[in-house]
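Trainee: This is data.cif, which holds mmCIF, C-alpha atoms and all ligand atoms:
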data_work
loop_
_atom_site.group_PDB
_atom_site.id
_atom_site.type_symbol
_atom_site.label_atom_id
_atom_site.label_comp_id
_atom_site.auth_asym_id
_atom_site.auth_seq_id
_atom_site.Cartn_x
_atom_site.Cartn_y
_atom_site.Cartn_z
ATOM 1 C CA MET A 433 179.839 118.613 176.254
ATOM 2 C CA ALA A 434 176.697 120.655 176.545
ATOM 3 C CA LEU A 435 174.106 120.916 179.234
ATOM 4 C CA ARG A 436 170.409 121.249 178.819
ATOM 5 C CA GLU A 437 167.715 121.888 181.340
ATOM 6 C CA GLY A 438 164.627 119.734 180.929
ATOM 7 C CA VAL A 439 161.569 120.229 183.060
ATOM 8 C CA GLY A 440 159.992 116.948 184.010
ATOM 9 C CA PRO A 441 156.976 116.252 186.196
ATOM 10 C CA PHE A 442 159.209 116.052 189.257
ATOM 11 C CA GLY A 443 160.993 119.344 188.677
ATOM 12 C CA ALA A 444 163.968 120.371 186.623
ATOM 13 C CA LEU A 445 166.184 117.593 185.369
ATOM 14 C CA ARG A 446 169.752 118.151 184.321
ATOM 15 C CA TYR A 447 170.881 116.192 181.302
ATOM 16 C CA THR A 448 174.412 115.794 180.076
ATOM 17 C CA ALA A 449 174.424 115.812 176.328
ATOM 18 C CA ARG A 450 177.067 113.859 174.492
ATOM 19 C CA ASP A 451 177.707 114.221 170.804
ATOM 20 C CA LEU A 452 177.779 110.904 169.030
ATOM 21 C CA ALA A 453 178.591 112.407 165.654
ATOM 22 C CA THR A 454 182.258 111.422 165.719
ATOM 23 C CA ARG A 455 181.392 107.836 166.434
ATOM 24 C CA ALA A 456 178.660 107.867 163.802
ATOM 25 C CA ARG A 457 180.952 109.403 161.147
ATOM 26 C CA ARG A 458 183.265 106.412 161.347
ATOM 27 C CA ARG A 459 180.551 104.452 159.636
ATOM 28 C CA VAL A 460 179.744 104.544 155.953
ATOM 29 C CA THR A 461 176.025 105.145 155.757
ATOM 30 C CA THR A 462 174.911 108.731 155.310
ATOM 31 C CA GLN A 463 172.153 108.335 157.881
ATOM 32 C CA GLN A 464 174.749 108.140 160.587
ATOM 33 C CA GLU A 465 176.363 111.389 159.603
ATOM 34 C CA THR A 466 173.509 113.196 161.258
ATOM 35 C CA GLN A 467 174.436 114.801 164.543
ATOM 36 C CA LEU A 468 173.133 112.716 167.399
ATOM 37 C CA MET A 469 172.617 114.191 170.795
ATOM 38 C CA VAL A 470 172.640 111.589 173.513
ATOM 39 C CA LEU A 471 171.222 112.512 176.883
ATOM 40 C CA THR A 472 172.298 110.840 180.042
ATOM 41 C CA PRO A 473 169.294 110.684 182.352
ATOM 42 C CA ASP A 474 169.607 111.470 185.995
ATOM 43 C CA PHE A 475 169.409 108.180 187.868
ATOM 44 C CA ALA A 476 169.035 110.009 191.169
ATOM 45 C CA THR A 477 165.560 111.334 190.310
ATOM 46 C CA ARG A 478 162.345 109.423 190.926
ATOM 47 C CA PRO A 479 161.916 106.776 188.206
ATOM 48 C CA VAL A 480 159.100 107.234 185.681
ATOM 49 C CA ILE A 481 158.824 103.479 185.196
ATOM 50 C CA SER A 482 159.179 101.036 188.048
ATOM 51 C CA PHE A 483 158.669 97.257 188.078
ATOM 52 C CA GLN A 484 158.481 95.800 191.561
ATOM 53 C CA HIS A 485 158.728 92.034 191.897
ATOM 54 C CA VAL A 486 156.737 91.515 188.729
ATOM 55 C CA HIS A 487 155.750 87.996 187.715
ATOM 56 C CA LYS A 488 153.756 87.073 184.651
ATOM 57 C CA THR A 489 152.355 83.594 184.144
ATOM 58 C CA TYR A 490 150.110 83.145 181.120
ATOM 59 C CA PRO A 491 146.914 81.059 181.459
ATOM 60 C CA THR A 492 148.787 78.280 179.604
ATOM 61 C CA GLY A 493 151.088 77.987 182.614
ATOM 62 C CA THR A 494 154.106 79.575 180.887
ATOM 63 C CA GLU A 495 156.074 81.663 183.368
ATOM 64 C CA ALA A 496 157.088 84.482 181.026
ATOM 65 C CA LEU A 497 158.512 86.834 183.686
ATOM 66 C CA ARG A 498 159.841 86.018 187.136
ATOM 67 C CA ASP A 499 160.530 88.609 189.813
ATOM 68 C CA VAL A 500 161.420 91.468 187.511
ATOM 69 C CA ASN A 501 162.633 94.624 189.236
ATOM 70 C CA LEU A 502 163.383 97.616 187.090
ATOM 71 C CA GLU A 503 163.671 101.370 187.515
ATOM 72 C CA VAL A 504 163.730 103.705 184.552
ATOM 73 C CA PRO A 505 164.501 107.403 185.046
ATOM 74 C CA GLU A 506 162.879 110.041 182.897
ATOM 75 C CA GLY A 507 164.692 110.512 179.594
ATOM 76 C CA ASP A 508 166.331 107.081 179.682
ATOM 77 C CA PHE A 509 166.868 105.088 176.495
ATOM 78 C CA LEU A 510 166.982 101.408 177.094
ATOM 79 C CA PHE A 511 167.286 98.310 174.996
ATOM 80 C CA LEU A 512 165.649 95.037 176.013
ATOM 81 C CA VAL A 513 167.653 92.181 174.586
ATOM 82 C CA GLY A 514 167.607 88.426 175.029
ATOM 83 C CA PRO A 515 166.866 85.204 173.207
ATOM 84 C CA SER A 516 163.540 84.460 171.593
ATOM 85 C CA GLY A 517 160.957 83.588 174.232
ATOM 86 C CA ALA A 518 162.924 85.350 176.993
ATOM 87 C CA GLY A 519 159.999 87.621 177.905
ATOM 88 C CA LYS A 520 160.806 90.934 176.153
ATOM 89 C CA SER A 521 157.408 91.346 174.469
ATOM 90 C CA THR A 522 155.688 90.281 177.665
ATOM 91 C CA LEU A 523 157.460 93.106 179.495
ATOM 92 C CA VAL A 524 156.385 95.520 176.746
ATOM 93 C CA ARG A 525 152.769 94.273 176.911
ATOM 94 C CA LEU A 526 152.710 94.777 180.672
ATOM 95 C CA LEU A 527 154.081 98.277 180.224
ATOM 96 C CA ILE A 528 151.321 99.295 177.818
ATOM 97 C CA ARG A 529 148.789 97.538 180.032
ATOM 98 C CA GLU A 530 147.815 95.031 177.376
ATOM 99 C CA GLU A 531 148.501 92.397 180.035
ATOM 100 C CA LYS A 532 148.447 92.592 183.818
ATOM 101 C CA PRO A 533 151.108 91.118 186.088
ATOM 102 C CA THR A 534 150.212 87.905 187.908
ATOM 103 C CA ARG A 535 152.123 89.220 190.910
ATOM 104 C CA GLY A 536 153.976 92.438 191.678
ATOM 105 C CA LYS A 537 153.408 96.062 190.750
ATOM 106 C CA ILE A 538 154.213 98.311 187.842
ATOM 107 C CA PHE A 539 154.234 102.079 188.267
ATOM 108 C CA VAL A 540 154.358 104.472 185.351
ATOM 109 C CA ASP A 541 154.477 108.163 186.123
ATOM 110 C CA GLY A 542 153.475 107.420 189.723
ATOM 111 C CA ILE A 543 150.378 105.434 188.750
ATOM 112 C CA GLU A 544 150.085 101.733 189.424
ATOM 113 C CA LEU A 545 149.009 100.183 186.131
ATOM 114 C CA GLY A 546 147.216 97.261 187.781
ATOM 115 C CA ARG A 547 144.906 99.676 189.588
ATOM 116 C CA MET A 548 144.205 101.889 186.613
ATOM 117 C CA LYS A 549 140.515 102.060 185.757
ATOM 118 C CA ARG A 550 139.493 100.805 182.339
ATOM 119 C CA ARG A 551 138.162 104.230 181.342
ATOM 120 C CA LYS A 552 141.559 105.786 182.103
ATOM 121 C CA LEU A 553 143.333 103.445 179.695
ATOM 122 C CA PRO A 554 142.903 105.563 176.537
ATOM 123 C CA TYR A 555 144.479 108.535 178.359
ATOM 124 C CA TYR A 556 147.350 106.383 179.479
ATOM 125 C CA ARG A 557 147.920 104.937 176.028
ATOM 126 C CA ARG A 558 148.117 108.456 174.621
ATOM 127 C CA LYS A 559 151.047 109.211 176.884
ATOM 128 C CA VAL A 560 152.751 106.177 175.425
ATOM 129 C CA GLY A 561 153.787 106.036 171.782
ATOM 130 C CA LEU A 562 153.808 102.469 170.503
ATOM 131 C CA VAL A 563 155.883 101.217 167.611
ATOM 132 C CA PHE A 564 155.836 97.600 166.477
ATOM 133 C CA GLN A 565 157.773 95.403 164.088
ATOM 134 C CA ASP A 566 154.843 95.097 161.688
ATOM 135 C CA PHE A 567 153.923 98.834 161.676
ATOM 136 C CA LYS A 568 150.196 98.153 162.303
ATOM 137 C CA LEU A 569 148.952 100.845 159.918
ATOM 138 C CA LEU A 570 145.361 100.808 158.717
ATOM 139 C CA PRO A 571 145.584 99.778 155.032
ATOM 140 C CA ASN A 572 142.442 101.576 153.892
ATOM 141 C CA LEU A 573 143.460 104.951 155.277
ATOM 142 C CA THR A 574 145.938 107.412 153.796
ATOM 143 C CA VAL A 575 149.120 108.362 155.617
ATOM 144 C CA PHE A 576 147.413 111.526 156.846
ATOM 145 C CA GLU A 577 144.364 109.675 158.143
ATOM 146 C CA ASN A 578 146.452 106.968 159.784
ATOM 147 C CA ILE A 579 148.288 109.605 161.782
ATOM 148 C CA ALA A 580 145.163 111.675 162.425
ATOM 149 C CA PHE A 581 143.004 108.680 163.380
ATOM 150 C CA ALA A 582 143.292 108.840 167.189
ATOM 151 C CA MET A 583 142.927 112.622 167.226
ATOM 152 C CA ARG A 584 139.755 112.331 165.139
ATOM 153 C CA VAL A 585 138.349 109.754 167.560
ATOM 154 C CA LEU A 586 138.979 112.245 170.357
ATOM 155 C CA GLY A 587 137.063 114.878 168.401
ATOM 156 C CA GLU A 588 140.012 117.267 168.113
ATOM 157 C CA PRO A 589 139.297 120.315 165.913
ATOM 158 C CA ASP A 590 140.403 120.108 162.274
ATOM 159 C CA HIS A 591 142.998 122.892 162.418
ATOM 160 C CA LYS A 592 144.704 121.184 165.345
ATOM 161 C CA VAL A 593 144.696 117.811 163.566
ATOM 162 C CA GLN A 594 146.163 119.394 160.423
ATOM 163 C CA ALA A 595 148.909 121.185 162.327
ATOM 164 C CA ARG A 596 149.921 118.213 164.461
ATOM 165 C CA VAL A 597 149.962 115.757 161.560
ATOM 166 C CA ALA A 598 152.022 118.151 159.435
ATOM 167 C CA GLU A 599 154.512 118.589 162.282
ATOM 168 C CA ALA A 600 154.785 114.838 162.887
ATOM 169 C CA LEU A 601 155.275 114.147 159.172
ATOM 170 C CA ASP A 602 157.961 116.804 159.035
ATOM 171 C CA THR A 603 159.784 115.179 161.972
ATOM 172 C CA VAL A 604 159.905 111.822 160.169
ATOM 173 C CA SER A 605 160.760 113.530 156.824
ATOM 174 C CA LEU A 606 157.619 112.348 155.053
ATOM 175 C CA SER A 607 155.999 115.667 154.174
ATOM 176 C CA GLY A 608 154.344 115.225 150.782
ATOM 177 C CA LYS A 609 153.226 111.641 151.427
ATOM 178 C CA GLU A 610 149.971 112.679 153.150
ATOM 179 C CA ASN A 611 147.715 111.145 150.513
ATOM 180 C CA SER A 612 149.639 107.932 149.920
ATOM 181 C CA TYR A 613 148.296 104.601 151.137
ATOM 182 C CA PRO A 614 150.519 102.364 153.282
ATOM 183 C CA SER A 615 150.759 99.700 150.570
ATOM 184 C CA SER A 616 152.516 102.179 148.268
ATOM 185 C CA LEU A 617 155.241 102.933 150.820
ATOM 186 C CA SER A 618 158.486 101.127 151.586
ATOM 187 C CA GLY A 619 158.898 99.347 154.920
ATOM 188 C CA GLY A 620 161.026 102.164 156.295
ATOM 189 C CA GLU A 621 158.476 104.765 155.205
ATOM 190 C CA GLN A 622 155.675 102.762 156.790
ATOM 191 C CA GLN A 623 157.607 102.591 160.046
ATOM 192 C CA ARG A 624 158.155 106.358 159.893
ATOM 193 C CA VAL A 625 154.380 106.822 159.482
ATOM 194 C CA ALA A 626 153.907 104.604 162.550
ATOM 195 C CA ILE A 627 156.375 106.789 164.462
ATOM 196 C CA ALA A 628 154.602 109.956 163.274
ATOM 197 C CA ARG A 629 151.333 108.412 164.485
ATOM 198 C CA ALA A 630 152.948 107.944 167.909
ATOM 199 C CA LEU A 631 154.360 111.496 167.875
ATOM 200 C CA VAL A 632 151.098 113.394 167.316
ATOM 201 C CA HIS A 633 150.282 112.880 170.980
ATOM 202 C CA ALA A 634 153.669 114.239 172.085
ATOM 203 C CA PRO A 635 154.166 111.051 174.095
ATOM 204 C CA ARG A 636 156.300 111.004 177.237
ATOM 205 C CA PHE A 637 157.271 107.410 176.450
ATOM 206 C CA ILE A 638 158.091 105.540 173.293
ATOM 207 C CA ILE A 639 157.685 101.796 173.690
ATOM 208 C CA ALA A 640 158.897 99.821 170.707
ATOM 209 C CA ASP A 641 158.936 96.068 170.122
ATOM 210 C CA GLU A 642 161.512 95.191 167.464
ATOM 211 C CA PRO A 643 160.806 98.336 165.409
ATOM 212 C CA THR A 644 163.666 97.553 163.028
ATOM 213 C CA GLY A 645 162.889 93.845 162.735
ATOM 214 C CA ASN A 646 161.495 94.059 159.204
ATOM 215 C CA LEU A 647 163.912 96.663 157.853
ATOM 216 C CA ASP A 648 167.222 96.533 156.003
ATOM 217 C CA PRO A 649 170.274 97.826 157.947
ATOM 218 C CA ALA A 650 170.361 101.321 156.387
ATOM 219 C CA THR A 651 166.643 101.875 156.958
ATOM 220 C CA ALA A 652 166.952 100.484 160.471
ATOM 221 C CA TRP A 653 169.547 103.168 161.184
ATOM 222 C CA GLU A 654 167.213 105.883 159.894
ATOM 223 C CA ILE A 655 164.570 104.680 162.306
ATOM 224 C CA MET A 656 167.078 104.596 165.163
ATOM 225 C CA GLN A 657 168.102 108.166 164.448
ATOM 226 C CA LEU A 658 164.480 109.170 164.782
ATOM 227 C CA PHE A 659 164.201 107.430 168.140
ATOM 228 C CA LEU A 660 167.380 109.147 169.336
ATOM 229 C CA ARG A 661 166.043 112.517 168.266
ATOM 230 C CA ILE A 662 162.739 111.876 170.039
ATOM 231 C CA ASN A 663 164.682 110.806 173.139
ATOM 232 C CA ALA A 664 166.820 113.950 172.895
ATOM 233 C CA ARG A 665 163.613 115.976 173.136
ATOM 234 C CA GLY A 666 162.937 114.317 176.489
ATOM 235 C CA ALA A 667 160.869 111.180 175.779
ATOM 236 C CA THR A 668 161.801 107.993 177.607
ATOM 237 C CA VAL A 669 162.431 105.164 175.149
ATOM 238 C CA VAL A 670 162.112 101.429 175.827
ATOM 239 C CA MET A 671 162.941 99.250 172.868
ATOM 240 C CA ALA A 672 163.024 95.460 172.571
ATOM 241 C CA THR A 673 165.412 94.409 169.844
ATOM 242 C CA HIS A 674 167.465 91.594 168.336
ATOM 243 C CA ASN A 675 169.602 94.091 166.416
ATOM 244 C CA ARG A 676 173.087 93.529 167.770
ATOM 245 C CA GLU A 677 174.764 96.137 165.567
ATOM 246 C CA ILE A 678 172.497 98.932 166.738
ATOM 247 C CA VAL A 679 172.829 98.033 170.407
ATOM 248 C CA ASP A 680 176.616 97.712 170.174
ATOM 249 C CA LEU A 681 177.114 100.997 168.358
ATOM 250 C CA LEU A 682 174.806 103.142 170.462
ATOM 251 C CA ARG A 683 176.036 101.876 173.842
ATOM 252 C CA ARG A 684 172.916 102.843 175.728
ATOM 253 C CA ARG A 685 171.394 101.099 178.717
ATOM 254 C CA VAL A 686 170.986 97.404 177.963
ATOM 255 C CA ILE A 687 168.732 95.081 179.924
ATOM 256 C CA ALA A 688 169.236 91.454 179.039
ATOM 257 C CA ILE A 689 166.332 89.165 179.794
ATOM 258 C CA ASP A 690 166.858 85.463 180.013
ATOM 259 C CA ALA A 691 164.152 82.929 180.805
ATOM 260 C CA GLY A 692 161.908 85.620 182.285
ATOM 261 C CA GLN A 693 164.505 87.227 184.507
ATOM 262 C CA ILE A 694 166.768 90.247 184.234
ATOM 263 C CA ALA A 695 170.172 88.722 183.663
ATOM 264 C CA ARG A 696 172.062 91.979 183.146
ATOM 265 C CA ASP A 697 171.462 95.730 183.418
ATOM 266 C CA ASP A 698 174.314 97.813 182.026
ATOM 267 C CA ARG A 699 174.204 101.548 181.711
ATOM 268 C CA SER A 700 176.353 101.637 178.619
ATOM 269 C CA GLY A 701 175.967 98.107 177.416
ATOM 270 C CA ARG A 702 176.376 95.783 174.507
ATOM 271 C CA TYR A 703 174.179 93.124 172.975
ATOM 272 C CA HIS A 704 176.291 90.372 174.502
ATOM 273 C CA GLU A 705 178.032 90.598 177.810
ATOM 274 C CA ASP A 706 181.435 92.115 177.348
ATOM 275 C CA VAL A 707 183.736 90.297 179.720
ATOM 276 C CA ALA A 708 186.844 92.193 178.631
ATOM 277 C CA LYS A 709 185.687 95.575 179.868
ATOM 278 C CA PRO A 710 183.972 96.187 183.199
ATOM 279 C CA GLN A 711 180.600 97.892 182.759
ATOM 280 C CA VAL A 712 179.041 100.697 184.740
ATOM 281 C CA ARG A 713 175.996 99.179 186.373
ATOM 282 C CA ALA A 714 172.763 101.094 185.949
ATOM 283 C CA GLN A 715 171.683 100.669 189.536
HETATM 284 N N1 LIG A 801 149.696 85.170 174.940
HETATM 285 C C1 LIG A 801 150.512 84.198 175.395
HETATM 286 N N2 LIG A 801 149.994 83.072 175.938
HETATM 287 C C2 LIG A 801 150.799 82.103 176.424
HETATM 288 N N3 LIG A 801 152.145 82.147 176.391
HETATM 289 C C3 LIG A 801 152.710 83.237 175.862
HETATM 290 C C4 LIG A 801 151.938 84.313 175.330
HETATM 291 N N4 LIG A 801 152.773 85.261 174.866
HETATM 292 C C5 LIG A 801 154.003 84.801 175.083
HETATM 293 N N5 LIG A 801 153.984 83.585 175.687
HETATM 294 C C6 LIG A 801 155.144 82.804 176.121
HETATM 295 O O1 LIG A 801 155.852 83.567 177.067
HETATM 296 C C7 LIG A 801 157.255 83.447 176.874
HETATM 297 C C8 LIG A 801 157.833 84.819 176.606
HETATM 298 O O2 LIG A 801 157.359 85.278 175.342
HETATM 299 P P1 LIG A 801 157.682 86.714 174.755
HETATM 300 O O3 LIG A 801 156.821 86.907 173.580
HETATM 301 O O4 LIG A 801 157.581 87.708 175.856
HETATM 302 O O5 LIG A 801 159.211 86.528 174.328
HETATM 303 P P2 LIG A 801 160.182 87.502 173.534
HETATM 304 O O6 LIG A 801 161.394 87.709 174.383
HETATM 305 O O7 LIG A 801 159.453 88.706 173.087
HETATM 306 O O8 LIG A 801 160.605 86.611 172.284
HETATM 307 P P3 LIG A 801 160.927 87.063 170.741
HETATM 308 O O9 LIG A 801 162.344 87.557 170.775
HETATM 309 O O10 LIG A 801 160.801 85.783 169.998
HETATM 310 O O11 LIG A 801 159.943 88.088 170.347
HETATM 311 C C9 LIG A 801 157.437 82.462 175.731
HETATM 312 O O12 LIG A 801 157.628 81.176 176.289
HETATM 313 C C10 LIG A 801 156.121 82.515 174.997
HETATM 314 O O13 LIG A 801 155.830 81.292 174.370
HETATM 315 MG MG MG A 802 158.937 89.515 171.226
#
Starting from the file, lay out its structure as structure tokens.
Ligand SMILES: Nc1ncnc2c1ncn2[C@@H]1O[C@H](COP(=O)(O)OP(=O)(O)OP(=O)(O)O)[C@@H](O)[C@H]1O
Ligand SMILES: [Mg+2]
Mentor:
Amino acid sequence: MALREGVGPFGALRYTARDLATRARRRVTTQQETQLMVLTPDFATRPVISFQHVHKTYPTGTEALRDVNLEVPEGDFLFLVGPSGAGKSTLVRLLIREEKPTRGKIFVDGIELGRMKRRKLPYYRRKVGLVFQDFKLLPNLTVFENIAFAMRVLGEPDHKVQARVAEALDTVSLSGKENSYPSSLSGGEQQRVAIARALVHAPRFIIADEPTGNLDPATAWEIMQLFLRINARGATVVMATHNREIVDLLRRRVIAIDAGQIARDDRSGRYHEDVAKPQVRAQ
């Protein structure tokens, strides 16, 4: 057990760090031999993400989310699970303000997303690192330029761009691939570039929609280790996934969505409800 002080926007937060290495070593893949520090966020502090009676009905009439209430403390790591069509991606799209709720309110970092001015959106999106199943890299740009792209748009000075991109590439262990094009990289490497692209802004949140969906199990674990490391540095992670093995091994907070509603919210959960063992409820 080790303790770490993290300073969040609402003052000092105390995290309890747990070492997952023993659990990870029981598995065969080398990726899991890496030491994993797992932080338990403080549920007593003000949440950084809050959904209050959120409904989302698409113009087609589909009720994708119904009365969703959710509080996420800073530094949390949560999995969104549930059957196809349950509403996971809709929740993610609301969170990154790609969609607005039909009813209800969403607060991120104390700001109500529905009231955010259009011109503030780019600033908001920079606080949020996005990672998708299909990587969404620009095919005609090199790895370096893909990662640097948003910083260039903002007119950041060259030396800063160089330093930040190099640091992000180092974090995802892709130093040396700066001049490669996405098409010459494996799926796992492409996803690591996408994560590096998210990291250059030092995001407070990582929002991922099935980031391991297109990857083989070993590569999926590499990506998960990256997310855990980013979370251990203090970022709040929200990840929609169908990957049962990952969810069951990591035992982090699991929110199960079913037909647009939160069916389950377990602080140390599994992919499927575990009736044998009582769970600690998140709230
Ligand atoms: N842009 C849209 N317009 C209309 N209906 C939509 C739209 N996007 C999603 N839906 C519908 O909303 C419901 C929830 O979809 P959503 O994509 O959030 O599910 P999901 O849980 O992410 O599923 P999957 O696991 O397959 O990715 C589904 O019935 C879907 O058909
Ligand atoms: Mg989805």
Trainee: Out of A:Val560, A:Val486, A:Ile579, A:Leu523, which residue has the shortest atom-to-atom distance to ligand MG 802 (chain A) when counting all atoms listed in the file?
Mentor: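 The closest residue to ligand MG 802 (chain A) is A:Leu523.
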Trainee: Ligand LIG 801 (chain A): which residues are within 9 Å, counting only C-alpha atoms and all ligand atoms? Reply as a PyMOL selection string.
Mentor: chain A and resi 488-497+512-525+531+641-642+672-674+689-692
Trainee: Starting from the shown file, work through the PyMOL selection byres (((chain A and resi 535-550) around 12) and not hetatm) and note down what comes out as a ChimeraX atom specification.
Mentor: /A:440-442,478-490,495,497-506,523-534,551-557,559-560,636-637,668
Trainee: Do you have the atom CA of Tyr613 of chain A-atom CA of Gln594 of chain A distance handy?
Mentor: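 Calculated distance between atom CA of Tyr613 of chain A and atom CA of Gln594 of chain A is 17.6 Å.
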Trainee: Interatomic distance between atom CA of Gly701 of chain A and atom CA of Val669 of chain A?
Mentor: 15.4 Å
Trainee: Using all atoms listed in the file for the distances, tell me which of A:Ile627, A:Leu573, A:Ala640, A:Ala650 is nearest to Leu601 of chain A.
Mentor: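 Under the stated criterion, the closest residue is A:Ile627.
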Trainee: Using all atoms listed in the file, which residue out of A:Leu510, A:Val604, A:Ile638, A:Ala652 lies closest to Asn675 of chain A?
Mentor: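 Distance minimum relative to Asn675 of chain A lands on A:Ala652.
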Trainee: Pick out the closest residue to Ala634 of chain A from this set: A:Thr603, A:Gln622, A:Thr574, A:Ser700. Count all atoms listed in the file.
Mentor: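 So, comparing all the options, the nearest one is A:Thr603.
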Trainee: Given the choices A:Ile639, A:Met671, A:Ile694, A:Leu570, which gets closest to Arg558 of chain A if the distance is worked out from all atoms listed in the file?
Mentor: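 That would be A:Ile639, the residue with the smallest distance to Arg558 of chain A.
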Trainee: With all atoms listed in the file as the basis for distance, which of A:Gly608, A:Gly645, A:Gly507, A:Pro614 is at the shortest distance from ligand MG 802 (chain A)?
Mentor: A:Gly645
Trainee: Once you count all atoms listed in the file, which residues end up no further than 7 Å from (172.1, 94.2, 175.8) in the file's frame, shown as a list in words?
Mentor: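 Output of the proximity query reads Phe511, Leu512, Val513, Val679, Val686, Ile687, Ala688, Gly701, Arg702, Tyr703 and His704 of chain A.
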Trainee: At what distance in Å, to one decimal, does atom CA of Val585 of chain A lie from atom CA of Glu621 of chain A?
Mentor: 24.1 Å
Trainee: Please give the centre and size of the box around segment 550-555 of chain A (axis-aligned, containing every atom listed in the file, 8 Å added per side), with values in Å to one decimal and written as AutoDock Vina command-line options.
Mentor:
--center_x 141.3 --center_y 104.7 --center_z 179.4 --size_x 22.3 --size_y 23.7 --size_z 21.8
Trainee: Which neighbours of Leu617 of chain A fall inside 12 Å, counting all atoms listed in the file, when residues of the same chain fewer than 6 positions from it are skipped, and could you give them as number ranges by chain?
Mentor: A: 567, 569, 571, 574-575, 606, 609-611, 623-626
Trainee: Mind dumping segment 619-630 of chain A from that block, keeping N, CA and C atoms, as a CSV table (one decimal), in the first residue's frame?
Mentor:
chain,number,residue,atom,x,y,z
A,619,GLY,N,-2.4,-2.3,-36.0
A,619,GLY,CA,-3.5,-1.8,-35.3
A,619,GLY,C,-3.2,-1.2,-34.0
A,620,GLY,N,-2.4,-2.0,-33.2
A,620,GLY,CA,-2.0,-1.6,-31.9
A,620,GLY,C,-1.1,-0.4,-31.9
A,621,GLU,N,-0.2,-0.3,-32.9
A,621,GLU,CA,0.6,0.9,-33.0
A,621,GLU,C,-0.3,2.1,-33.4
A,622,GLN,N,-1.2,1.9,-34.3
A,622,GLN,CA,-2.1,3.0,-34.6
A,622,GLN,C,-2.9,3.5,-33.4
A,623,GLN,N,-3.3,2.6,-32.6
A,623,GLN,CA,-4.1,3.0,-31.4
A,623,GLN,C,-3.2,3.7,-30.5
A,624,ARG,N,-1.9,3.3,-30.4
A,624,ARG,CA,-1.0,4.1,-29.5
A,624,ARG,C,-0.7,5.5,-30.0
A,625,VAL,N,-0.7,5.6,-31.4
A,625,VAL,CA,-0.6,7.0,-31.9
A,625,VAL,C,-1.8,7.8,-31.5
A,626,ALA,N,-3.0,7.2,-31.6
A,626,ALA,CA,-4.2,7.9,-31.2
A,626,ALA,C,-4.2,8.3,-29.8
A,627,ILE,N,-3.6,7.5,-28.9
A,627,ILE,CA,-3.5,7.8,-27.5
A,627,ILE,C,-2.5,8.9,-27.3
A,628,ALA,N,-1.3,8.8,-28.0
A,628,ALA,CA,-0.3,9.9,-28.0
A,628,ALA,C,-1.0,11.2,-28.4
A,629,ARG,N,-1.8,11.2,-29.4
A,629,ARG,CA,-2.5,12.4,-29.9
A,629,ARG,C,-3.4,13.0,-28.8
A,630,ALA,N,-4.0,12.1,-28.1
A,630,ALA,CA,-4.8,12.6,-26.9
A,630,ALA,C,-3.9,13.1,-25.8
